[in-house]
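This is my_file27.txt. It holds compact mmCIF, C-alpha atoms and all ligand atoms.
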# COMPACT_ATOMS: atom_id res chain seq x y z
CA MET A 1028 65.15 17.10 -36.68
CA ARG A 1029 63.62 17.07 -40.17
CA ASP A 1030 62.03 20.47 -39.73
CA SER A 1031 58.59 19.03 -40.42
CA ALA A 1032 55.68 21.44 -39.95
CA LYS A 1033 53.51 18.50 -38.86
CA THR A 1034 55.89 17.70 -36.00
CA ALA A 1035 56.25 21.34 -35.00
CA ALA A 1036 52.43 21.57 -34.80
CA LEU A 1037 52.51 18.84 -32.14
CA LEU A 1038 54.62 21.07 -29.92
CA ARG A 1039 52.01 23.79 -29.55
CA ARG A 1040 51.14 24.47 -25.96
CA ALA A 1041 47.59 25.26 -24.91
CA GLU A 1042 47.16 28.46 -22.90
CA ASN A 1043 45.72 26.55 -19.96
CA GLU A 1044 48.37 23.82 -20.06
CA ALA A 1045 49.92 24.11 -16.62
CA ARG A 1046 52.40 21.27 -17.05
CA TYR A 1047 54.08 20.78 -20.37
CA ALA A 1048 56.15 17.72 -21.30
CA ILE A 1049 57.65 16.88 -24.66
CA GLN A 1050 58.19 13.29 -25.71
CA LEU A 1051 60.81 12.29 -28.26
CA PHE A 1052 61.41 9.05 -30.07
CA GLY A 1053 64.56 8.01 -31.87
CA SER A 1054 67.47 5.63 -31.51
CA ASP A 1055 70.62 7.61 -32.28
CA PRO A 1056 72.11 9.09 -29.09
CA ASP A 1057 73.73 12.01 -30.87
CA ILE A 1058 70.63 12.97 -32.87
CA MET A 1059 68.44 12.61 -29.79
CA GLY A 1060 70.72 14.95 -27.84
CA ARG A 1061 70.57 17.49 -30.64
CA ALA A 1062 66.79 17.15 -30.91
CA ALA A 1063 66.45 17.76 -27.17
CA ARG A 1064 68.59 20.91 -27.40
CA MET A 1065 66.37 22.21 -30.21
CA LEU A 1066 63.45 22.17 -27.78
CA ALA A 1067 64.80 25.00 -25.63
CA PRO A 1068 62.54 27.70 -27.17
CA TRP A 1069 59.46 25.66 -26.17
CA ARG A 1070 60.60 25.63 -22.54
CA PRO A 1071 59.35 22.11 -21.71
CA GLU A 1072 59.10 21.17 -18.05
CA VAL A 1073 59.71 17.47 -18.64
CA LEU A 1074 61.51 15.60 -21.39
CA ASP A 1075 60.23 12.09 -22.05
CA LEU A 1076 61.70 9.27 -24.13
CA ASN A 1077 59.27 7.01 -25.96
CA CYS A 1078 60.30 3.36 -25.68
CA GLY A 1079 56.78 2.01 -25.97
CA CYS A 1080 55.60 2.79 -29.48
CA PRO A 1081 54.82 -0.47 -31.36
CA VAL A 1082 54.16 1.07 -34.79
CA PRO A 1083 56.19 -0.64 -37.59
CA LYS A 1084 57.29 2.70 -39.10
CA VAL A 1085 58.89 3.59 -35.75
CA VAL A 1086 60.29 0.23 -34.60
CA LYS A 1087 61.96 -0.48 -37.93
CA THR A 1088 64.26 2.48 -37.21
CA GLY A 1089 65.20 0.95 -33.85
CA ALA A 1090 63.09 3.54 -31.98
CA GLY A 1091 60.03 3.24 -29.73
CA SER A 1092 59.68 -0.20 -28.17
CA ALA A 1093 62.55 -1.52 -30.38
CA LEU A 1094 64.99 0.56 -28.31
CA MET A 1095 64.30 -1.78 -25.38
CA ARG A 1096 65.93 -4.58 -27.40
CA ASP A 1097 69.27 -2.77 -27.37
CA PRO A 1098 70.05 -1.88 -23.74
CA GLY A 1099 73.50 -0.49 -24.58
CA ARG A 1100 72.10 1.95 -27.10
CA PHE A 1101 69.18 2.74 -24.81
CA ALA A 1102 71.62 3.76 -22.04
CA LEU A 1103 73.46 6.08 -24.43
CA VAL A 1104 70.21 7.70 -25.56
CA VAL A 1105 69.07 8.38 -21.98
CA GLU A 1106 72.52 9.73 -21.04
CA SER A 1107 72.44 11.99 -24.06
CA LEU A 1108 69.00 13.37 -23.11
CA VAL A 1109 70.05 13.91 -19.50
CA ARG A 1110 73.13 15.83 -20.69
CA ALA A 1111 71.02 17.92 -23.08
CA SER A 1112 68.56 18.68 -20.30
CA ARG A 1113 71.35 19.83 -17.99
CA GLU A 1114 73.15 21.90 -20.61
CA ALA A 1115 70.26 23.39 -22.62
CA LEU A 1116 66.94 22.90 -20.84
CA GLY A 1117 67.65 24.02 -17.30
CA GLY A 1118 68.03 20.49 -15.94
CA ILE A 1119 64.36 19.53 -16.30
CA PRO A 1120 63.46 15.94 -15.36
CA VAL A 1121 64.07 13.29 -17.99
CA THR A 1122 61.54 10.46 -17.95
CA VAL A 1123 61.15 7.25 -19.89
CA LYS A 1124 58.05 5.46 -21.17
CA ILE A 1125 58.51 1.70 -21.54
CA ARG A 1126 56.66 -1.54 -22.19
CA SER A 1127 57.28 -4.84 -20.40
CA GLY A 1128 59.51 -6.03 -23.25
CA TRP A 1129 59.54 -6.86 -26.93
CA ASP A 1130 57.64 -10.13 -26.59
CA GLU A 1131 56.86 -12.87 -24.09
CA GLY A 1132 60.36 -14.32 -24.49
CA SER A 1133 62.18 -11.04 -23.90
CA ILE A 1134 60.55 -9.35 -20.91
CA ASN A 1135 63.23 -6.89 -19.73
CA TYR A 1136 61.43 -3.97 -18.07
CA ARG A 1137 63.46 -4.48 -14.87
CA GLU A 1138 66.82 -4.25 -16.64
CA ILE A 1139 65.73 -1.34 -18.85
CA SER A 1140 64.38 0.74 -15.97
CA ARG A 1141 67.47 0.07 -13.85
CA ILE A 1142 69.62 1.29 -16.74
CA ALA A 1143 67.34 4.32 -17.21
CA VAL A 1144 67.69 5.35 -13.57
CA GLU A 1145 71.47 4.77 -13.59
CA ALA A 1146 71.66 7.00 -16.68
CA GLY A 1147 69.80 9.75 -14.82
CA ALA A 1148 66.10 9.21 -15.55
CA ASP A 1149 63.81 10.67 -12.88
CA LEU A 1150 60.67 8.62 -13.51
CA VAL A 1151 59.51 5.59 -15.47
CA ALA A 1152 56.07 5.34 -17.06
CA PHE A 1153 55.22 1.71 -17.58
CA HIS A 1154 52.69 0.27 -20.04
CA ALA A 1155 52.57 -3.32 -18.84
CA ARG A 1156 52.21 -4.99 -22.24
CA THR A 1157 54.86 -6.34 -24.60
CA ARG A 1158 55.35 -4.87 -28.03
CA ALA A 1159 53.98 -8.13 -29.47
CA GLN A 1160 50.74 -7.55 -27.57
CA GLY A 1161 50.24 -4.17 -29.20
CA TYR A 1162 47.12 -2.86 -27.50
CA GLY A 1163 45.41 -6.25 -27.23
CA GLY A 1164 45.14 -8.78 -24.44
CA LYS A 1165 45.37 -7.58 -20.89
CA ALA A 1166 48.02 -5.37 -19.34
CA ASP A 1167 49.76 -7.24 -16.51
CA TRP A 1168 49.48 -4.93 -13.51
CA SER A 1169 51.49 -7.34 -11.33
CA LEU A 1170 54.55 -6.26 -13.34
CA ILE A 1171 53.83 -2.63 -12.38
CA ALA A 1172 53.71 -3.64 -8.70
CA ASP A 1173 57.01 -5.49 -9.18
CA LEU A 1174 58.71 -2.48 -10.76
CA VAL A 1175 57.42 -0.11 -8.08
CA SER A 1176 59.04 -2.32 -5.43
CA ARG A 1177 62.40 -2.22 -7.24
CA LEU A 1178 62.88 1.38 -8.33
CA ARG A 1179 63.82 4.38 -6.24
CA VAL A 1180 62.14 6.77 -8.70
CA PRO A 1181 58.37 7.06 -9.18
CA VAL A 1182 56.62 4.64 -11.53
CA ILE A 1183 53.53 5.74 -13.46
CA GLY A 1184 51.25 2.84 -14.32
CA SER A 1185 49.59 2.43 -17.72
CA GLY A 1186 47.31 -0.13 -19.28
CA ASP A 1187 43.56 -0.75 -19.35
CA LEU A 1188 42.42 2.31 -17.41
CA TYR A 1189 38.88 2.99 -18.55
CA SER A 1190 37.31 4.57 -15.46
CA ALA A 1191 38.05 6.36 -12.23
CA GLU A 1192 37.50 3.05 -10.46
CA ASP A 1193 40.17 1.39 -12.63
CA ALA A 1194 42.64 4.12 -11.67
CA GLU A 1195 41.84 3.74 -7.98
CA ARG A 1196 42.30 -0.03 -8.25
CA MET A 1197 45.65 0.28 -10.04
CA LEU A 1198 46.93 2.73 -7.42
CA LYS A 1199 45.85 0.36 -4.66
CA GLU A 1200 47.08 -2.87 -6.25
CA THR A 1201 50.45 -1.64 -7.50
CA VAL A 1202 51.20 1.31 -5.16
CA CYS A 1203 52.42 3.16 -8.26
CA GLY A 1204 53.17 6.87 -8.03
CA GLY A 1205 50.51 7.86 -10.56
CA VAL A 1206 48.41 6.61 -13.43
CA MET A 1207 48.35 7.45 -17.12
CA PHE A 1208 45.06 7.45 -19.01
CA ALA A 1209 45.13 6.69 -22.72
CA ARG A 1210 42.27 5.03 -24.62
CA GLY A 1211 40.04 5.53 -21.60
CA ALA A 1212 40.28 9.29 -22.07
CA MET A 1213 39.24 9.22 -25.72
CA GLY A 1214 35.66 10.45 -25.90
CA ASN A 1215 35.76 10.58 -22.12
CA PRO A 1216 37.90 13.52 -20.98
CA PHE A 1217 35.85 13.59 -17.76
CA ILE A 1218 37.91 10.63 -16.55
CA PHE A 1219 40.53 13.00 -15.10
CA SER A 1220 38.21 15.09 -12.90
CA GLU A 1221 36.11 12.05 -11.99
CA THR A 1222 39.24 10.23 -10.80
CA LYS A 1223 40.38 13.22 -8.76
CA GLU A 1224 36.93 13.43 -7.14
CA LEU A 1225 36.90 9.70 -6.37
CA LEU A 1226 40.38 9.75 -4.85
CA LYS A 1227 39.68 12.83 -2.76
CA GLY A 1228 36.12 12.24 -1.65
CA GLY A 1229 35.42 8.54 -2.15
CA SER A 1230 32.77 9.09 -4.84
CA TYR A 1231 32.06 11.19 -7.90
CA ARG A 1232 29.16 12.51 -9.91
CA PRO A 1233 29.08 10.80 -13.33
CA THR A 1234 28.97 13.45 -16.05
CA PRO A 1235 25.37 13.85 -17.35
CA ILE A 1236 24.73 12.90 -20.98
CA PRO A 1237 23.92 16.41 -22.29
CA GLU A 1238 27.22 17.66 -20.83
CA ARG A 1239 29.10 14.77 -22.45
CA LEU A 1240 27.63 15.51 -25.87
CA ALA A 1241 28.21 19.26 -25.51
CA THR A 1242 31.84 18.58 -24.63
CA GLY A 1243 32.21 16.30 -27.65
CA PHE A 1244 30.85 19.07 -29.84
CA ARG A 1245 33.24 21.57 -28.28
CA GLN A 1246 36.14 19.18 -28.92
CA LEU A 1247 35.05 18.95 -32.56
CA GLY A 1248 35.27 22.75 -32.89
CA LEU A 1249 38.68 22.91 -31.21
CA LEU A 1250 40.01 20.08 -33.37
CA ALA A 1251 38.67 21.72 -36.53
CA ALA A 1252 40.59 24.87 -35.63
CA ASP A 1253 43.72 22.71 -35.38
CA ILE A 1254 43.47 20.29 -38.31
CA GLY A 1255 40.60 21.57 -40.48
CA GLU A 1256 36.89 20.77 -40.49
CA GLU A 1257 36.93 17.72 -42.75
CA ALA A 1258 39.71 15.89 -40.92
CA ALA A 1259 38.21 16.83 -37.55
CA CYS A 1260 34.78 15.47 -38.53
CA ARG A 1261 36.38 12.19 -39.58
CA GLU A 1262 38.51 11.91 -36.45
CA MET A 1263 35.62 12.73 -34.12
CA ARG A 1264 33.49 9.80 -35.36
CA LYS A 1265 35.40 7.36 -33.17
CA GLN A 1266 35.39 9.76 -30.28
CA PHE A 1267 31.63 10.34 -30.47
CA CYS A 1268 31.08 6.61 -30.25
CA ALA A 1269 32.78 6.84 -26.88
CA TYR A 1270 31.00 10.09 -25.89
CA THR A 1271 27.65 8.33 -26.32
CA LYS A 1272 28.59 5.25 -24.29
CA GLY A 1273 27.38 4.62 -20.74
CA ARG A 1274 29.98 5.00 -17.99
CA SER A 1275 30.49 3.28 -14.67
CA GLY A 1276 27.26 1.35 -14.72
CA GLU A 1277 25.25 4.38 -15.91
CA PRO A 1278 23.10 3.89 -19.01
CA GLY A 1279 24.42 5.38 -22.24
CA VAL A 1280 22.67 7.90 -24.43
CA PRO A 1281 19.10 6.75 -25.19
CA GLY A 1282 18.96 5.51 -28.79
CA ALA A 1283 22.76 5.57 -28.81
CA ALA A 1284 23.10 3.09 -31.66
CA ALA A 1285 20.86 5.16 -33.98
CA LEU A 1286 22.61 8.37 -32.91
CA ARG A 1287 26.05 6.88 -33.58
CA ASN A 1288 24.83 5.65 -36.92
CA ARG A 1289 23.91 9.22 -37.91
CA LEU A 1290 27.06 10.73 -36.44
CA VAL A 1291 29.46 8.44 -38.32
CA HIS A 1292 28.13 9.88 -41.57
CA ALA A 1293 28.49 13.51 -40.58
CA VAL A 1294 30.99 15.37 -42.74
CA SER A 1295 30.61 18.93 -41.44
CA ILE A 1296 30.29 20.70 -38.11
CA ASP A 1297 26.82 21.85 -39.18
CA GLU A 1298 25.73 18.26 -39.70
CA TYR A 1299 27.05 17.31 -36.26
CA ARG A 1300 25.16 20.29 -34.81
CA ILE A 1301 21.86 19.29 -36.46
CA ILE A 1302 22.18 15.65 -35.37
CA LEU A 1303 23.08 16.55 -31.81
CA LEU A 1304 20.32 19.17 -31.56
CA ALA A 1305 17.76 16.62 -32.78
CA ALA A 1306 19.07 14.16 -30.19
CA SER A 1307 18.79 16.70 -27.38
CA ARG A 1308 15.21 17.64 -28.46
CA SER A 1309 14.25 13.99 -28.29
CA GLY A 1310 15.15 13.97 -24.62
CA VAL A 1311 18.87 13.30 -24.51
C1 LIG A 1401 46.27 5.94 -30.58
C2 LIG A 1401 47.31 5.84 -29.48
C3 LIG A 1401 48.43 6.65 -29.53
C4 LIG A 1401 49.42 6.57 -28.54
N1 LIG A 1401 50.50 7.40 -28.60
C5 LIG A 1401 51.40 7.36 -27.60
C6 LIG A 1401 52.52 8.25 -27.61
O1 LIG A 1401 52.70 9.05 -28.53
N2 LIG A 1401 53.39 8.18 -26.58
C7 LIG A 1401 53.22 7.29 -25.55
O2 LIG A 1401 54.04 7.28 -24.63
N3 LIG A 1401 52.20 6.44 -25.52
C8 LIG A 1401 51.29 6.46 -26.51
N4 LIG A 1401 50.23 5.57 -26.47
C9 LIG A 1401 50.18 4.54 -25.42
C10 LIG A 1401 49.41 4.98 -24.19
O3 LIG A 1401 50.09 6.02 -23.52
C11 LIG A 1401 49.21 3.83 -23.19
O4 LIG A 1401 50.42 3.45 -22.62
C12 LIG A 1401 48.56 2.60 -23.81
O5 LIG A 1401 47.52 2.94 -24.70
C13 LIG A 1401 48.02 1.66 -22.72
O6 LIG A 1401 47.02 2.26 -21.99
P1 LIG A 1401 45.43 1.91 -22.23
O7 LIG A 1401 45.33 0.39 -22.25
O8 LIG A 1401 44.75 2.52 -21.03
O9 LIG A 1401 45.04 2.51 -23.54
C14 LIG A 1401 49.26 5.64 -27.47
C15 LIG A 1401 48.12 4.83 -27.43
C16 LIG A 1401 47.15 4.90 -28.42
C17 LIG A 1401 45.94 4.00 -28.33
Just give me the structure as structure tokens.
Ligand SMILES: Cc1cc2nc3c(=O)[nH]c(=O)nc-3n(C[C@H](O)[C@H](O)[C@H](O)COP(=O)(O)O)c2cc1C
Amino acid sequence: MRDSAKTAALLRRAENEARYAIQLFGSDPDIMGRAARMLAPWRPEVLDLNCGCPVPKVVKTGAGSALMRDPGRFALVVESLVRASREALGGIPVTVKIRSGWDEGSINYREISRIAVEAGADLVAFHARTRAQGYGGKADWSLIADLVSRLRVPVIGSGDLYSAEDAERMLKETVCGGVMFARGAMGNPFIFSETKELLKGGSYRPTPIPERLATGFRQLGLLAADIGEEAACREMRKQFCAYTKGRSGEPGVPGAAALRNRLVHAVSIDEYRIILLAASRSGV
């Protein structure tokens, strides 16, 4: 709504992006409706409302997870998005991402999702932590199972999914309609194909280390094209820590600690290249 170039950049769609959803956050029903209508040129296939974000900058405006504290306003926002979808976006599904509540004393995911569905939401994605928990502690998957048993629309489960096995376990334990990877996909984009393989065939081939590192390097190049080399090199430090970690009982990169130590100081793509080449020559 503020015509920010930074926000518009987030809307770019990759050529190979087969499914394209746009998520909005906000707390004013009228503004949210107008924002949704502005999305028409991007032709989203799903419109999602963020009611999970715990960041102070967002919650202090009543948006993100703070919207769950005001069920009346929340209902108006969802209704406004559903109307905008019908009138300006070809009636695409409207979905809602929630947490279990604001804090331990105000768990209200049941009430909020019931209201969402009554207002016309087609799916609820559920991160089973309170806002107070942030990203710490453990997500309570039993709440996901509870919500699945109460809603007539699909529930997507979220929280603590770090491997294909985690995803399989969540699907089994909660009978949710799908899972949403988050931190588990950072530095480990293979988690999607590995999960598909596991669910279809009962096992999967863990991605070999050289392939992991090559993919990390490719991500660095793609990110640099998006946000510039310096910022990309900084951002990829965290991700490379994950790229060099062992997965699913497999050992990590040999000499991973020393490799990570060199990578966290890399400030250019060339430096990354030299460090990774040296690592691959030493048998990685
Ligand atoms: C850095 C970061 C950014 C996130 N941004 C969003 C977001 O924009 N929208 C959203 O719905 N969830 C967002 N999430 C939450 C995740 O979708 C997910 O629900 C949460 O991280 C729990 O899953 P996990 O324990 O597997 O990481 C974000 C999480 C992290 C760590």
Return the padded bounding box of stretch 1201-1205 of chain A as AutoDock Vina command-line options: axis-aligned, built from all atoms listed in the file, 3 Å added on each side, with centre and edge lengths in Å to one decimal.
--center_x 51.8 --center_y 3.1 --center_z -7.9 --size_x 8.7 --size_y 15.5 --size_z 11.4
Please, which residues in stretch 1062-1172 of chain A fall within 10 Å of stretch 1037-1045 of chain A when counting all atoms listed in the file, and what is the closest atom pair and distance in Å to one decimal for each, ordered by chain then residue number, as CSV?
residue,atom,partner,partner_atom,distance
A:Leu1066,CA,A:Leu1038,CA,9.2
A:Trp1069,CA,A:Leu1038,CA,7.7
A:Pro1071,CA,A:Leu1038,CA,9.5
A:Glu1072,CA,A:Ala1045,CA,9.7
Proximity of chain A to ligand LIG 1401 (chain A): per-residue shortest pair, 9 Å limit, all atoms listed in the file, as a Markdown table:
| residue | atom | partner | partner_atom | distance |
| --- | --- | --- | --- | --- |
| A:Gln1050 | CA | A:LIG1401 | N2 | 7.1 |
| A:Leu1051 | CA | A:LIG1401 | N2 | 8.6 |
| A:Phe1052 | CA | A:LIG1401 | N2 | 8.8 |
| A:Asp1075 | CA | A:LIG1401 | O2 | 8.3 |
| A:Leu1076 | CA | A:LIG1401 | O2 | 7.9 |
| A:Asn1077 | CA | A:LIG1401 | O2 | 5.4 |
| A:Cys1078 | CA | A:LIG1401 | O2 | 7.5 |
| A:Gly1079 | CA | A:LIG1401 | O2 | 6.1 |
| A:Cys1080 | CA | A:LIG1401 | N3 | 6.4 |
| A:Gly1091 | CA | A:LIG1401 | O2 | 8.8 |
| A:Val1123 | CA | A:LIG1401 | O2 | 8.5 |
| A:Lys1124 | CA | A:LIG1401 | O2 | 5.6 |
| A:Ile1125 | CA | A:LIG1401 | O2 | 7.8 |
| A:Arg1126 | CA | A:LIG1401 | O4 | 8.0 |
| A:Ala1152 | CA | A:LIG1401 | O2 | 8.1 |
| A:Phe1153 | CA | A:LIG1401 | O4 | 7.2 |
| A:His1154 | CA | A:LIG1401 | O4 | 4.7 |
| A:Ala1155 | CA | A:LIG1401 | C13 | 7.8 |
| A:Arg1156 | CA | A:LIG1401 | C13 | 7.9 |
| A:Gly1161 | CA | A:LIG1401 | C12 | 8.8 |
| A:Tyr1162 | CA | A:LIG1401 | O7 | 6.4 |
| A:Gly1163 | CA | A:LIG1401 | O7 | 8.3 |
| A:Lys1165 | CA | A:LIG1401 | O7 | 8.1 |
| A:Ala1166 | CA | A:LIG1401 | O7 | 7.0 |
| A:Gly1184 | CA | A:LIG1401 | O4 | 8.4 |
| A:Ser1185 | CA | A:LIG1401 | O6 | 5.0 |
| A:Gly1186 | CA | A:LIG1401 | O7 | 3.6 |
| A:Asp1187 | CA | A:LIG1401 | O7 | 3.6 |
| A:Leu1188 | CA | A:LIG1401 | O8 | 4.3 |
| A:Tyr1189 | CA | A:LIG1401 | O8 | 6.4 |
| A:Met1207 | CA | A:LIG1401 | O3 | 6.8 |
| A:Phe1208 | CA | A:LIG1401 | O8 | 5.3 |
| A:Ala1209 | CA | A:LIG1401 | O9 | 4.3 |
| A:Arg1210 | CA | A:LIG1401 | O9 | 3.9 |
| A:Gly1211 | CA | A:LIG1401 | O8 | 5.6 |
| A:Ala1212 | CA | A:LIG1401 | O8 | 8.2 |
| A:Met1213 | CA | A:LIG1401 | C17 | 8.9 |
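Each of A:Ser1054, A:Glu1195, A:Tyr1136, A:Lys1272 was checked against A:Val1085 using all atoms listed in the file; the smallest atom-to-atom distance is that of A:Ser1054.
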Taking all atoms listed in the file into account, name the residue in A:Pro1120, A:Gly1128, A:Pro1216, A:Gly1205 that is nearest to A:Met1095.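 Closest to A:Met1095 of all the choices is A:Gly1128.
Here atom CA of A:Ser1107 is placed at a distance of 11.5 Å from atom CA of A:Ala1143.
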Which polymer residues have any atom within 8 Å of an atom of A:Arg1287, counting all atoms listed in the file, with same-chain residues fewer than 3 positions away left out, as a PyMOL selection string? chain A and resi 1267-1268+1271+1283-1284+1290-1291
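Taking atom CA of A:Ala1269 and atom CA of A:Glu1256 as endpoints, the distance between them is 19.9 Å.
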Just the number, please: distance in Å from atom CA of A:Gly1214 to atom CA of A:Ala1241, one decimal.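 Spanning atom CA of A:Gly1214 to atom CA of A:Ala1241 is a straight-line distance of 11.5 Å.
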Using all atoms listed in the file, which of the listed residues (A:Ile1049, A:Ala1090, A:Val1073, A:Ala1115) sits closest to A:Arg1061? A:Ala1115
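Of the listed residues (A:Ile1296, A:Ala1306, A:Val1202, A:Leu1226), A:Ile1296 comes nearest to A:Phe1244; the distances count all atoms listed in the file.
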Here's a test: counting only C-alpha atoms, identify every protein, DNA and RNA residue with an atom at most 10 Å from (56.7, 0.4, -8.8) in the file's coordinate frame, and state them as an mmCIF file with C-alpha atoms, in the frame of the given file.
data_model
loop_
_atom_site.group_PDB
_atom_site.id
_atom_site.type_symbol
_atom_site.label_atom_id
_atom_site.label_comp_id
_atom_site.auth_asym_id
_atom_site.auth_seq_id
_atom_site.Cartn_x
_atom_site.Cartn_y
_atom_site.Cartn_z
ATOM 1 C CA VAL A 1151 59.510 5.590 -15.470
ATOM 2 C CA ALA A 1152 56.070 5.340 -17.060
ATOM 3 C CA PHE A 1153 55.220 1.710 -17.580
ATOM 4 C CA SER A 1169 51.490 -7.340 -11.330
ATOM 5 C CA LEU A 1170 54.550 -6.260 -13.340
ATOM 6 C CA ILE A 1171 53.830 -2.630 -12.380
ATOM 7 C CA ALA A 1172 53.710 -3.640 -8.700
ATOM 8 C CA ASP A 1173 57.010 -5.490 -9.180
ATOM 9 C CA LEU A 1174 58.710 -2.480 -10.760
ATOM 10 C CA VAL A 1175 57.420 -0.110 -8.080
ATOM 11 C CA SER A 1176 59.040 -2.320 -5.430
ATOM 12 C CA ARG A 1177 62.400 -2.220 -7.240
ATOM 13 C CA LEU A 1178 62.880 1.380 -8.330
ATOM 14 C CA ARG A 1179 63.820 4.380 -6.240
ATOM 15 C CA VAL A 1180 62.140 6.770 -8.700
ATOM 16 C CA PRO A 1181 58.370 7.060 -9.180
ATOM 17 C CA VAL A 1182 56.620 4.640 -11.530
ATOM 18 C CA ILE A 1183 53.530 5.740 -13.460
ATOM 19 C CA GLY A 1184 51.250 2.840 -14.320
ATOM 20 C CA THR A 1201 50.450 -1.640 -7.500
ATOM 21 C CA VAL A 1202 51.200 1.310 -5.160
ATOM 22 C CA CYS A 1203 52.420 3.160 -8.260
ATOM 23 C CA GLY A 1204 53.170 6.870 -8.030
ATOM 24 C CA GLY A 1205 50.510 7.860 -10.560
#
Which residue, A:Ser1127, A:Ser1133, A:Glu1138, A:Met1065, has the smallest gap to A:Phe1101 when you use only C-alpha atoms?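 Looking at the shortest contact to A:Phe1101, the residue is A:Glu1138.
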Distance query A:Leu1303 at most 10 Å, only C-alpha atoms, self and fewer than 3 positions along chain excluded, as a PyMOL selection string: chain A and resi 1237+1240-1241+1244+1286+1289-1290+1297-1300+1306-1309+1311
Residue nearest A:Gln1246 among A:Asn1135, A:Gln1266, A:Ser1140, A:Thr1157 (counting all atoms listed in the file):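 When distances to A:Gln1246 are compared using all atoms listed in the file, the smallest one comes from A:Gln1266.
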